[in-house]
$ cat structure.cif   # mmCIF, C-alpha atoms
data_run
loop_
_atom_site.label_atom_id
_atom_site.label_comp_id
_atom_site.auth_asym_id
_atom_site.auth_seq_id
_atom_site.Cartn_x
_atom_site.Cartn_y
_atom_site.Cartn_z
CA MET V 61 7.93 -17.55 27.97
CA GLN V 62 6.11 -15.66 25.22
CA HIS V 63 8.01 -13.95 22.42
CA ARG V 64 7.19 -10.24 22.65
CA ILE V 65 6.38 -8.52 19.35
CA VAL V 66 5.77 -4.77 19.47
CA VAL V 67 4.35 -3.01 16.41
CA LEU V 68 4.72 0.78 16.35
CA GLY V 69 2.04 2.61 14.40
CA ALA V 70 -1.40 1.41 13.30
CA GLY V 71 -1.71 2.89 9.86
CA TYR V 72 -2.21 0.58 6.90
CA THR V 73 1.16 -1.13 7.32
CA GLY V 74 1.30 -1.49 11.10
CA ALA V 75 -2.27 -2.71 11.42
CA VAL V 76 -1.85 -5.19 8.57
CA ALA V 77 1.42 -6.50 10.01
CA ALA V 78 -0.07 -7.01 13.48
CA GLY V 79 -3.14 -8.78 12.12
CA ARG V 80 -1.12 -11.04 9.84
CA LEU V 81 1.25 -11.98 12.68
CA ALA V 82 -1.75 -12.92 14.80
CA LYS V 83 -2.88 -15.21 11.99
CA ARG V 84 0.52 -16.82 11.54
CA LEU V 85 1.61 -17.48 15.14
CA HIS V 86 0.12 -19.47 18.01
CA ARG V 87 -1.32 -17.18 20.66
CA ALA V 88 0.23 -19.11 23.53
CA ASP V 89 3.72 -18.43 22.15
CA VAL V 90 3.61 -14.71 21.33
CA ALA V 91 2.44 -11.44 22.85
CA ILE V 92 1.63 -8.91 20.11
CA THR V 93 1.28 -5.28 21.14
CA LEU V 94 0.16 -2.64 18.65
CA VAL V 95 0.99 0.92 19.76
CA ASN V 96 -0.93 3.87 18.33
CA PRO V 97 -1.92 7.29 19.72
CA GLU V 98 -5.45 7.29 18.27
CA PRO V 99 -8.24 4.78 19.00
CA ASP V 100 -9.47 4.66 15.40
CA PHE V 101 -7.92 3.62 12.11
CA VAL V 102 -7.31 6.56 9.77
CA GLU V 103 -7.93 5.98 6.07
CA ARG V 104 -5.11 8.20 4.94
CA VAL V 105 -5.93 7.72 1.26
CA ARG V 106 -9.28 9.42 1.91
CA LEU V 107 -8.12 12.43 3.90
CA HIS V 108 -8.63 14.74 0.92
CA GLN V 109 -12.30 13.69 1.05
CA LEU V 110 -12.46 14.53 4.76
CA ALA V 111 -10.91 17.94 4.07
CA ALA V 112 -13.51 18.60 1.36
CA GLY V 113 -16.36 18.07 3.81
CA GLN V 114 -17.19 14.37 3.56
CA ASP V 115 -17.52 12.10 6.58
CA LEU V 116 -15.51 8.90 6.81
CA THR V 117 -16.63 5.60 8.32
CA PRO V 118 -15.37 5.22 11.91
CA ARG V 119 -13.11 2.19 12.31
CA PRO V 120 -12.26 1.70 16.02
CA PHE V 121 -9.32 -0.58 16.76
CA ALA V 122 -11.17 -2.09 19.74
CA GLY V 123 -13.58 -3.77 17.36
CA MET V 124 -11.08 -4.53 14.62
CA PHE V 125 -8.72 -6.50 16.86
CA ALA V 126 -11.23 -7.97 19.31
CA GLY V 127 -10.53 -11.66 19.78
CA THR V 128 -7.38 -11.66 17.62
CA GLY V 129 -4.82 -11.76 20.42
CA VAL V 130 -3.45 -8.35 19.45
CA ASP V 131 -3.25 -5.96 22.40
CA VAL V 132 -3.87 -2.38 21.21
CA LYS V 133 -2.08 0.16 23.42
CA LEU V 134 -3.18 3.76 22.98
CA ALA V 135 0.01 5.71 23.47
CA LYS V 136 2.47 7.97 21.71
CA VAL V 137 5.93 6.61 20.94
CA THR V 138 8.62 8.97 22.25
CA ALA V 139 11.82 6.95 21.83
CA VAL V 140 13.23 3.61 20.73
CA ASP V 141 16.39 2.06 22.22
CA VAL V 142 17.44 -0.71 19.86
CA ASP V 143 20.40 -1.71 22.04
CA ARG V 144 18.27 -2.22 25.17
CA LYS V 145 15.35 -3.42 23.02
CA THR V 146 12.86 -1.04 24.62
CA VAL V 147 10.28 1.48 23.43
CA SER V 148 9.34 4.56 25.47
CA VAL V 149 5.70 5.63 25.25
CA THR V 150 3.33 8.06 26.91
CA ALA V 151 -0.31 7.07 27.36
CA ALA V 152 -3.18 9.40 28.20
CA ASP V 153 -4.39 7.16 31.03
CA VAL V 154 -0.99 6.65 32.69
CA ALA V 155 1.00 9.25 34.61
CA GLY V 156 4.52 9.55 33.25
CA PRO V 157 6.36 7.61 30.56
CA GLU V 158 6.27 3.84 30.18
CA GLU V 159 8.79 1.41 28.76
CA LEU V 160 7.83 -1.56 26.62
CA GLU V 161 10.32 -4.38 26.13
CA TYR V 162 10.39 -6.33 22.89
CA ASP V 163 12.03 -9.35 21.35
CA THR V 164 10.96 -8.33 17.83
CA LEU V 165 10.05 -4.79 16.81
CA VAL V 166 8.00 -3.78 13.77
CA TYR V 167 8.54 -0.08 13.08
CA ALA V 168 5.63 1.39 11.13
CA LEU V 169 5.46 5.00 12.30
CA GLY V 170 5.13 6.22 8.73
CA SER V 171 5.44 9.80 7.59
CA GLY V 172 3.88 13.24 7.80
CA TRP V 173 3.84 16.30 5.61
CA ASN V 174 7.08 17.97 4.60
CA ASP V 175 7.23 21.73 4.14
CA GLY V 176 10.64 21.38 2.48
CA GLY V 177 11.99 24.30 4.48
CA VAL V 178 10.05 26.76 2.32
CA PRO V 179 9.64 30.05 4.24
CA GLY V 180 6.13 30.45 5.59
CA ALA V 181 4.88 26.99 4.63
CA GLY V 182 4.89 25.66 8.16
CA GLU V 183 3.08 28.72 9.49
CA HIS V 184 0.53 29.40 6.77
CA ALA V 185 -0.06 26.24 4.71
CA HIS V 186 -2.47 23.40 5.43
CA GLU V 187 -1.73 19.69 5.04
CA VAL V 188 -3.82 16.60 4.33
CA SER V 189 -1.43 13.87 5.50
CA SER V 190 -3.03 13.56 8.96
CA ARG V 191 -6.58 13.56 10.28
CA PRO V 192 -6.04 16.66 12.46
CA GLY V 193 -4.58 18.47 9.45
CA ALA V 194 -7.47 17.46 7.19
CA LEU V 195 -10.00 18.57 9.81
CA ARG V 196 -8.31 21.96 10.20
CA LEU V 197 -8.42 22.42 6.43
CA ARG V 198 -12.06 21.34 6.40
CA ASP V 199 -12.94 24.02 8.97
CA ARG V 200 -11.02 26.67 7.04
CA LEU V 201 -12.70 25.81 3.75
CA THR V 202 -16.13 25.78 5.38
CA ALA V 203 -15.56 29.31 6.64
CA LEU V 204 -14.31 30.53 3.27
CA ALA V 205 -16.65 32.74 1.25
CA GLY V 206 -17.39 31.98 -2.38
CA GLY V 207 -14.98 33.31 -4.98
CA ARG V 208 -11.96 33.23 -2.66
CA PRO V 209 -8.68 31.72 -3.95
CA VAL V 210 -7.34 28.33 -2.85
CA VAL V 211 -3.90 27.21 -4.05
CA VAL V 212 -2.84 23.57 -3.88
CA VAL V 213 0.95 23.30 -4.07
CA GLY V 214 2.23 20.07 -5.61
CA GLY V 215 1.18 18.06 -8.65
CA GLY V 216 1.68 14.53 -7.35
CA LEU V 217 -1.11 12.12 -6.46
CA THR V 218 -2.00 13.90 -3.22
CA GLY V 219 -2.06 17.33 -4.84
CA LEU V 220 -4.24 16.19 -7.74
CA GLU V 221 -6.70 14.42 -5.47
CA ALA V 222 -6.92 17.36 -3.05
CA ALA V 223 -7.40 19.98 -5.77
CA THR V 224 -10.07 18.05 -7.67
CA GLU V 225 -11.95 17.04 -4.51
CA ILE V 226 -12.06 20.63 -3.24
CA ALA V 227 -13.04 22.03 -6.64
CA GLU V 228 -15.87 19.50 -7.02
CA ALA V 229 -17.19 20.04 -3.48
CA ARG V 230 -16.85 23.84 -3.64
CA PRO V 231 -17.30 24.96 -7.26
CA ASP V 232 -17.75 28.50 -5.94
CA LEU V 233 -14.09 28.73 -4.94
CA ASP V 234 -11.21 29.76 -7.20
CA VAL V 235 -9.03 26.64 -7.00
CA SER V 236 -5.60 26.48 -8.62
CA LEU V 237 -2.64 24.11 -8.76
CA ALA V 238 0.96 25.27 -8.49
CA ILE V 239 3.19 22.56 -9.97
CA HIS V 240 6.97 22.40 -10.21
CA GLY V 241 6.88 20.63 -13.58
CA GLY V 242 4.08 19.86 -16.05
CA LEU V 243 0.60 18.59 -15.23
CA GLY V 244 0.79 14.79 -14.93
CA ASP V 245 4.14 14.72 -16.70
CA TRP V 246 4.82 11.18 -15.40
CA LEU V 247 1.60 9.79 -16.90
CA SER V 248 0.95 8.24 -20.30
CA GLU V 249 -0.39 10.40 -23.12
CA LYS V 250 -3.92 9.09 -22.49
CA GLY V 251 -3.58 9.71 -18.77
CA ARG V 252 -2.33 13.26 -19.21
CA ALA V 253 -5.11 14.09 -21.66
CA HIS V 254 -7.81 12.83 -19.33
CA LEU V 255 -6.29 14.63 -16.37
CA ARG V 256 -6.21 17.89 -18.32
CA ARG V 257 -9.85 17.53 -19.41
CA THR V 258 -10.99 16.78 -15.86
CA VAL V 259 -9.04 19.64 -14.31
CA ASP V 260 -10.32 22.07 -16.91
CA GLY V 261 -13.87 20.82 -16.45
CA LEU V 262 -13.67 21.52 -12.72
CA GLY V 263 -12.44 25.05 -13.40
CA ILE V 264 -9.03 24.52 -11.81
CA THR V 265 -6.30 26.89 -12.96
CA VAL V 266 -2.96 25.12 -13.44
CA HIS V 267 0.31 26.99 -12.96
CA GLU V 268 3.01 24.79 -14.48
CA GLY V 269 6.70 25.32 -13.87
CA ALA V 270 5.71 27.12 -10.69
CA ALA V 271 8.02 26.04 -7.88
CA VAL V 272 6.77 27.81 -4.76
CA ASP V 273 9.55 29.37 -2.69
CA ALA V 274 7.53 31.40 -0.15
CA VAL V 275 4.10 31.20 1.51
CA GLU V 276 2.31 34.09 3.20
CA ALA V 277 -1.12 34.30 4.82
CA ASP V 278 -2.76 35.50 1.61
CA ARG V 279 -0.44 34.47 -1.22
CA VAL V 280 2.31 32.21 -2.49
CA THR V 281 5.34 33.31 -4.47
CA THR V 282 7.03 31.20 -7.12
CA ALA V 283 10.70 30.96 -7.93
CA ASP V 284 10.18 32.77 -11.24
CA GLY V 285 8.58 35.76 -9.51
CA ARG V 286 4.86 35.01 -9.88
CA THR V 287 2.53 35.93 -7.02
CA LEU V 288 -0.59 33.76 -6.63
CA PRO V 289 -3.36 35.02 -4.31
CA ALA V 290 -4.28 32.36 -1.73
CA ASP V 291 -6.68 32.69 1.16
CA VAL V 292 -5.92 29.01 1.72
CA THR V 293 -2.71 27.22 0.72
CA VAL V 294 -2.67 23.42 0.72
CA TRP V 295 0.84 21.92 0.79
CA THR V 296 1.28 18.48 -0.84
CA THR V 297 4.84 18.46 -2.17
CA GLY V 298 6.09 15.42 -0.31
CA PHE V 299 6.40 13.50 2.95
CA ALA V 300 8.93 13.36 5.77
CA VAL V 301 9.35 10.25 7.91
CA HIS V 302 8.88 10.23 11.66
CA PRO V 303 12.14 11.48 13.27
CA ILE V 304 12.44 8.79 15.95
CA ALA V 305 14.36 6.29 13.78
CA ARG V 306 17.09 8.84 13.06
CA ALA V 307 17.72 9.18 16.82
CA THR V 308 18.41 5.46 17.20
CA ALA V 309 21.43 3.30 16.37
CA LEU V 310 19.58 1.86 13.36
CA ASP V 311 21.14 2.21 9.92
CA VAL V 312 19.06 4.92 8.24
CA THR V 313 19.26 6.97 5.04
CA ASP V 314 19.97 10.69 4.91
CA HIS V 315 16.20 11.21 5.05
CA GLY V 316 15.79 9.04 8.15
CA ARG V 317 14.29 5.93 6.53
CA ILE V 318 15.38 2.59 8.01
CA VAL V 319 17.47 0.54 5.59
CA VAL V 320 16.01 -2.96 5.26
CA ASP V 321 16.64 -6.12 3.26
CA ALA V 322 14.18 -7.98 1.03
CA THR V 323 12.31 -9.32 4.09
CA MET V 324 11.95 -5.80 5.58
CA ARG V 325 14.52 -6.63 8.26
CA SER V 326 16.89 -3.90 9.42
CA VAL V 327 20.34 -4.40 7.94
CA SER V 328 21.92 -3.30 11.22
CA HIS V 329 19.59 -4.79 13.87
CA PRO V 330 18.07 -8.19 12.95
CA ASP V 331 15.38 -8.00 15.64
CA VAL V 332 13.90 -4.85 14.03
CA TYR V 333 11.69 -4.79 10.94
CA ALA V 334 10.48 -1.64 9.20
CA VAL V 335 7.54 -1.29 6.83
CA GLY V 336 5.79 1.44 4.89
CA ASP V 337 7.09 4.97 4.51
CA ALA V 338 9.54 4.46 7.39
CA ALA V 339 11.54 1.87 5.45
CA MET V 340 14.01 2.14 2.61
CA ALA V 341 13.47 -1.03 0.60
CA VAL V 342 14.62 -1.76 -2.92
CA GLY V 343 12.13 -2.92 -5.53
CA PRO V 344 12.29 -3.85 -9.23
CA ALA V 345 15.19 -2.42 -11.24
CA ASP V 346 16.93 -1.70 -7.91
CA LYS V 347 14.74 1.37 -7.43
CA PRO V 348 13.61 2.37 -3.91
CA LEU V 349 9.96 1.61 -3.27
CA ARG V 350 7.98 4.85 -3.19
CA MET V 351 6.11 6.06 -0.15
CA SER V 352 2.58 4.80 -0.76
CA CYS V 353 -0.08 2.37 0.38
CA ALA V 354 0.71 0.36 -2.76
CA SER V 355 4.21 -0.28 -1.39
CA GLY V 356 3.41 -0.38 2.31
CA VAL V 357 0.84 -3.17 2.46
CA PRO V 358 2.98 -5.72 0.54
CA MET V 359 5.90 -4.69 2.76
CA ALA V 360 3.78 -5.47 5.83
CA TRP V 361 2.86 -8.88 4.39
CA GLN V 362 6.52 -9.61 3.70
CA ALA V 363 7.68 -8.56 7.17
CA ALA V 364 4.97 -10.50 9.02
CA ASP V 365 5.57 -13.69 7.04
CA ALA V 366 9.34 -13.39 7.51
CA ILE V 367 9.01 -12.88 11.26
CA ALA V 368 6.66 -15.84 11.57
CA ALA V 369 8.92 -18.07 9.49
CA ARG V 370 12.02 -17.20 11.48
CA LEU V 371 10.27 -17.75 14.79
CA THR V 372 8.82 -21.09 13.74
CA GLY V 373 11.94 -22.35 12.00
CA THR V 374 10.33 -22.59 8.57
CA LYS V 375 11.48 -21.30 5.21
CA VAL V 376 11.42 -17.51 4.91
CA PRO V 377 9.28 -16.49 1.92
CA GLN V 378 10.52 -13.70 -0.33
CA VAL V 379 7.90 -12.43 -2.74
CA PRO V 380 9.15 -9.61 -4.99
CA ILE V 381 7.19 -6.40 -4.52
CA ARG V 382 6.18 -4.85 -7.83
CA TYR V 383 3.79 -2.18 -9.05
CA VAL V 384 0.77 -2.64 -11.29
CA GLN V 385 -1.04 0.69 -11.32
CA GLN V 386 -1.37 4.17 -9.88
CA CYS V 387 -4.93 4.92 -8.76
CA ILE V 388 -5.98 8.59 -8.72
CA SER V 389 -9.38 9.89 -7.68
CA LEU V 390 -10.36 13.13 -9.42
CA GLY V 391 -13.36 14.01 -7.31
CA ARG V 392 -16.23 11.57 -6.73
CA LYS V 393 -17.23 11.22 -10.38
CA GLU V 394 -13.92 10.94 -12.23
CA GLY V 395 -10.81 8.86 -11.82
CA LEU V 396 -7.62 7.76 -13.51
CA ILE V 397 -6.00 4.35 -13.26
CA GLN V 398 -2.55 4.60 -14.82
CA PHE V 399 -1.09 1.16 -15.44
CA VAL V 400 2.65 0.91 -14.88
CA THR V 401 5.65 -1.37 -15.25
CA ALA V 402 6.95 -3.39 -12.31
CA ASP V 403 9.27 -0.50 -11.43
CA ASP V 404 6.45 2.08 -11.58
CA ARG V 405 6.88 3.63 -15.05
CA ALA V 406 3.73 4.52 -16.94
CA VAL V 407 2.68 2.40 -19.92
CA ASP V 408 0.24 3.40 -22.65
CA LYS V 409 -2.73 1.65 -21.01
CA ALA V 410 -4.94 3.72 -18.69
CA LEU V 411 -8.50 3.50 -17.39
CA THR V 412 -10.41 6.77 -17.14
CA GLY V 413 -13.77 8.31 -16.26
CA ARG V 414 -16.51 6.95 -14.02
CA LEU V 415 -15.27 3.38 -14.35
CA ALA V 416 -11.87 4.49 -13.06
CA ALA V 417 -13.55 6.30 -10.16
CA PHE V 418 -15.45 3.11 -9.29
CA TYR V 419 -12.23 1.07 -9.60
CA LYS V 420 -10.39 3.44 -7.25
CA GLU V 421 -13.25 3.25 -4.76
CA LEU V 422 -13.01 -0.54 -4.77
CA ILE V 423 -9.26 -0.31 -4.11
CA CYS V 424 -9.81 2.04 -1.16
CA LYS V 425 -12.58 -0.12 0.28
CA GLY V 426 -10.49 -3.23 -0.16
CA ALA V 427 -7.53 -1.70 1.66
CA ALA V 428 -9.76 -0.59 4.54
CA TRP V 429 -11.45 -4.01 4.68
CA GLY V 430 -8.06 -5.69 4.90
CA VAL V 431 -7.17 -3.57 7.92
CA ALA V 432 -10.58 -3.84 9.57
CA ASN V 433 -10.55 -7.64 9.17
CA PRO V 434 -6.91 -8.42 9.94
CA THR V 435 -7.35 -12.14 10.39
CA LEU V 436 -10.01 -12.85 7.76
CA GLY V 437 -9.39 -13.82 4.16
CA LEU V 438 -6.10 -15.48 5.06
CA PRO V 439 -5.58 -19.20 5.63
CA THR V 440 -5.07 -20.04 9.30
CA ARG V 441 -1.50 -21.21 9.80
CA ARG V 442 -0.84 -20.53 13.46
CA ARG V 443 2.45 -22.32 13.96
CA ARG V 444 4.19 -22.88 17.26
CA VAL V 445 7.31 -20.88 17.96
CA ALA V 446 10.31 -23.19 17.77
CA ARG V 447 12.50 -23.94 20.75
CA GLN V 448 15.54 -21.73 21.07
CA GLU V 449 18.05 -24.34 19.97
CA THR V 450 16.02 -24.99 16.81
CA LEU V 451 15.86 -21.28 16.07
CA SER V 452 19.61 -20.92 16.57
CA ARG V 453 20.28 -23.76 14.14
CA THR V 454 17.87 -22.32 11.56
CA ARG V 455 19.42 -18.86 11.82
CA ALA V 456 22.91 -20.29 11.46
CA GLN V 457 21.84 -22.14 8.32
CA ALA V 458 20.23 -19.01 6.91
CA ALA V 459 23.40 -17.00 7.50
CA ALA V 460 25.66 -19.62 5.89
#
$ encode --input "structure.cif" --output "structure tokens"
Amino acid sequence: MQHRIVVLGAGYTGAVAAGRLAKRLHRADVAITLVNPEPDFVERVRLHQLAAGQDLTPRPFAGMFAGTGVDVKLAKVTAVDVDRKTVSVTAADVAGPEELEYDTLVYALGSGWNDGGVPGAGEHAHEVSSRPGALRLRDRLTALAGGRPVVVVGGGLTGLEAATEIAEARPDLDVSLAIHGGLGDWLSEKGRAHLRRTVDGLGITVHEGAAVDAVEADRVTTADGRTLPADVTVWTTGFAVHPIARATALDVTDHGRIVVDATMRSVSHPDVYAVGDAAMAVGPADKPLRMSCASGVPMAWQAADAIAARLTGTKVPQVPIRYVQQCISLGRKEGLIQFVTADDRAVDKALTGRLAAFYKELICKGAAWGVANPTLGLPTRRRRVARQETLSRTRAQAAA
């Protein structure tokens, strides 16, 4: 009987986990099902480019996983029952809900935009955390006449990339940033200086110390009473995880992230693994790993290798996840690579300018290549799943 592995979500982390599992385990012993509502891979780190009017390379899952042994099921996940070990899904080509049974579950449903409960944000603001959201913003910007105001709320990586991409693509618009703190206040001195020069060069107005507490159709209002005209408001202040995990019996944080150990295994349900934004994992200096592709892909590697090791009765690898850099695109011609400590604190070293833009492009292409070629570039080690008595003995030894 095959061991059934179901992977929920085919973003960077889910797709990488499914592909790596296919490379690690013998096809005769496992059935790997990857569940995703869309037929194409979405390069989330490029959605600000899509919103600004650029076209992205189509990456259909049918081609990516052809011949790998991974069964891609196009369906939306509606519920997970971790006690019955089932997943409820709805597929466009099937009437009514379906139930998938699993022996091991990899939860990689990720996150979406978070309006933070700010009045009017959900009704009037645009987001760039999903392809539909980026396309809606693209249409709105295309229809916008020159000289009209666009306000990007949030000064994190997403906000900086969205504001600079829009300003470069549409220099005729009045683009501004509304930031809770200071511009790039987490960066090194060199990083902050380059960011300021680039933003100024693109004609972006920066409103620092401007926490937005209300959004209307034509303006945003800050907590200190400022009113900023905005024909278009782009909201980038943070992410919220998919709500399904919170509705399960899994141990989750107050924000709904699944609590996992160093192998990305749920601390409450050992047959469930969580990766990417959906998981609360601890990194260097006992700090939670931040929601990012830089965290998610190594988490997917760790989970897939741990699952394979436990199923085959081999030693479970535990490779510490650490940070090296923060890569920020500032339009197509400028970039900023801020080098960081293992626990993600900026150091003095930073790469800037066109070389940084090229570096960031290589990172993005490399991440997409790794998803599009899930079983290439990795040594083939398809091991046979161990017999049940061997697995029981190995698990008992691991727990001792």
$ residues_around --input "structure.cif" --residues "Gly261 (chain V)" --least-positions-apart "2" --cutoff "12 Å" --atoms "only C-alpha atoms" --output "PyMOL selection string"
chain V and resi 224+227-228+231+254-259+263-265+390-391+393-394
$ resolve_selection --input "structure.cif" --expression "the PyMOL selection byres ((chain V and resi 357-360) around 7)" --output "list in words"
Tyr72, Thr73, Val76, Ala77, Met324, Val335, Gly336, Cys353, Ala354, Ser355, Gly356, Trp361, Gln362, Ala363, Ala364 and Ile381 of chain V
$ atom_distance --input "structure.cif" --atom1 "CA of Tyr419 (chain V)" --atom2 "CA of Pro99 (chain V)"
29.1 Å
$ resolve_selection --input "structure.cif" --expression "the PyMOL selection byres ((chain V and resi 309) around 12)" --output "ChimeraX atom specification"
/V:139-145,304-308,310-312,316,318-319,326-329,332
$ residues_around --input "structure.cif" --residues "Ala126 (chain V)" --least-positions-apart "4" --cutoff "12 Å" --atoms "all atoms listed in the file" --output "ChimeraX atom specification"
/V:79,82,120-122,130-132,432-435
$ residues_around --input "structure.cif" --residues "Arg196 (chain V)" --least-positions-apart "3" --cutoff "12 Å" --atoms "all atoms listed in the file" --output "list in words"
Leu107, His108, Leu110, Ala111, Ala112, Gly113, Ala185, His186, Glu187, Val188, Ser189, Ser190, Arg191, Pro192, Gly193, Asp199, Arg200, Leu201, Thr202, Ala203, Val292 and Val294 of chain V
$ residues_near_point --input "structure.cif" --point "(-3.3, 8.8, 31.1)" --cutoff "12 Å" --atoms "all atoms listed in the file" --output "list in words"
Pro97, Lys133, Leu134, Ala135, Lys136, Val149, Thr150, Ala151, Ala152, Asp153, Val154, Ala155, Gly156, Pro157 and Glu158 of chain V
$ axis_aligned_box --input "structure.cif" --around "region 201-219 of chain V" --padding-each-side "3 Å" --output "AutoDock Vina command-line options"
--center_x -7.6 --center_y 22.7 --center_z -1.0 --size_x 25.6 --size_y 27.2 --size_z 21.3
$ resolve_selection --input "structure.cif" --expression "the PyMOL selection byres ((chain V and resi 339-347) around 8)" --output "ChimeraX atom specification"
/V:313,317-322,324,334-338,348-349,380-382,402-403
$ closest_residue --input "structure.cif" --among "V:Leu262, V:Val213, V:Met351, V:Leu68" --to "Trp295 (chain V)" --atoms "all atoms listed in the file"
V:Val213
$ residues_around --input "structure.cif" --residues "Ala238 (chain V)" --least-positions-apart "6" --cutoff "8 Å" --atoms "only C-alpha atoms" --output "PyMOL selection string"
chain V and resi 211-215+266-272
$ atom_distance --input "structure.cif" --atom1 "CA of Pro209 (chain V)" --atom2 "CA of Ala229 (chain V)"
14.5 Å
$ residues_around --input "structure.cif" --residues "Gln385 (chain V)" --least-positions-apart "2" --cutoff "9 Å" --atoms "all atoms listed in the file" --output "MDAnalysis selection string"
chainID V and resid 354 383 387 397:401 404 406 410
$ write_last_selection --input "structure.cif" --atoms "C-alpha atoms" --output "compact mmCIF listing (two decimals), keeping the file's coordinate frame"
# COMPACT_ATOMS: atom_id res chain seq x y z
CA ALA V 354 0.71 0.36 -2.76
CA TYR V 383 3.79 -2.18 -9.05
CA CYS V 387 -4.93 4.92 -8.76
CA ILE V 397 -6.00 4.35 -13.26
CA GLN V 398 -2.55 4.60 -14.82
CA PHE V 399 -1.09 1.16 -15.44
CA VAL V 400 2.65 0.91 -14.88
CA THR V 401 5.65 -1.37 -15.25
CA ASP V 404 6.45 2.08 -11.58
CA ALA V 406 3.73 4.52 -16.94
CA ALA V 410 -4.94 3.72 -18.69
$ atom_distance --input "structure.cif" --atom1 "CA of Asp175 (chain V)" --atom2 "CA of Cys424 (chain V)"
26.6 Å
$ closest_residue --input "structure.cif" --among "V:Val67, V:Ala417, V:Ala277, V:Val445" --to "Val166 (chain V)" --atoms "all atoms listed in the file"
V:Val67
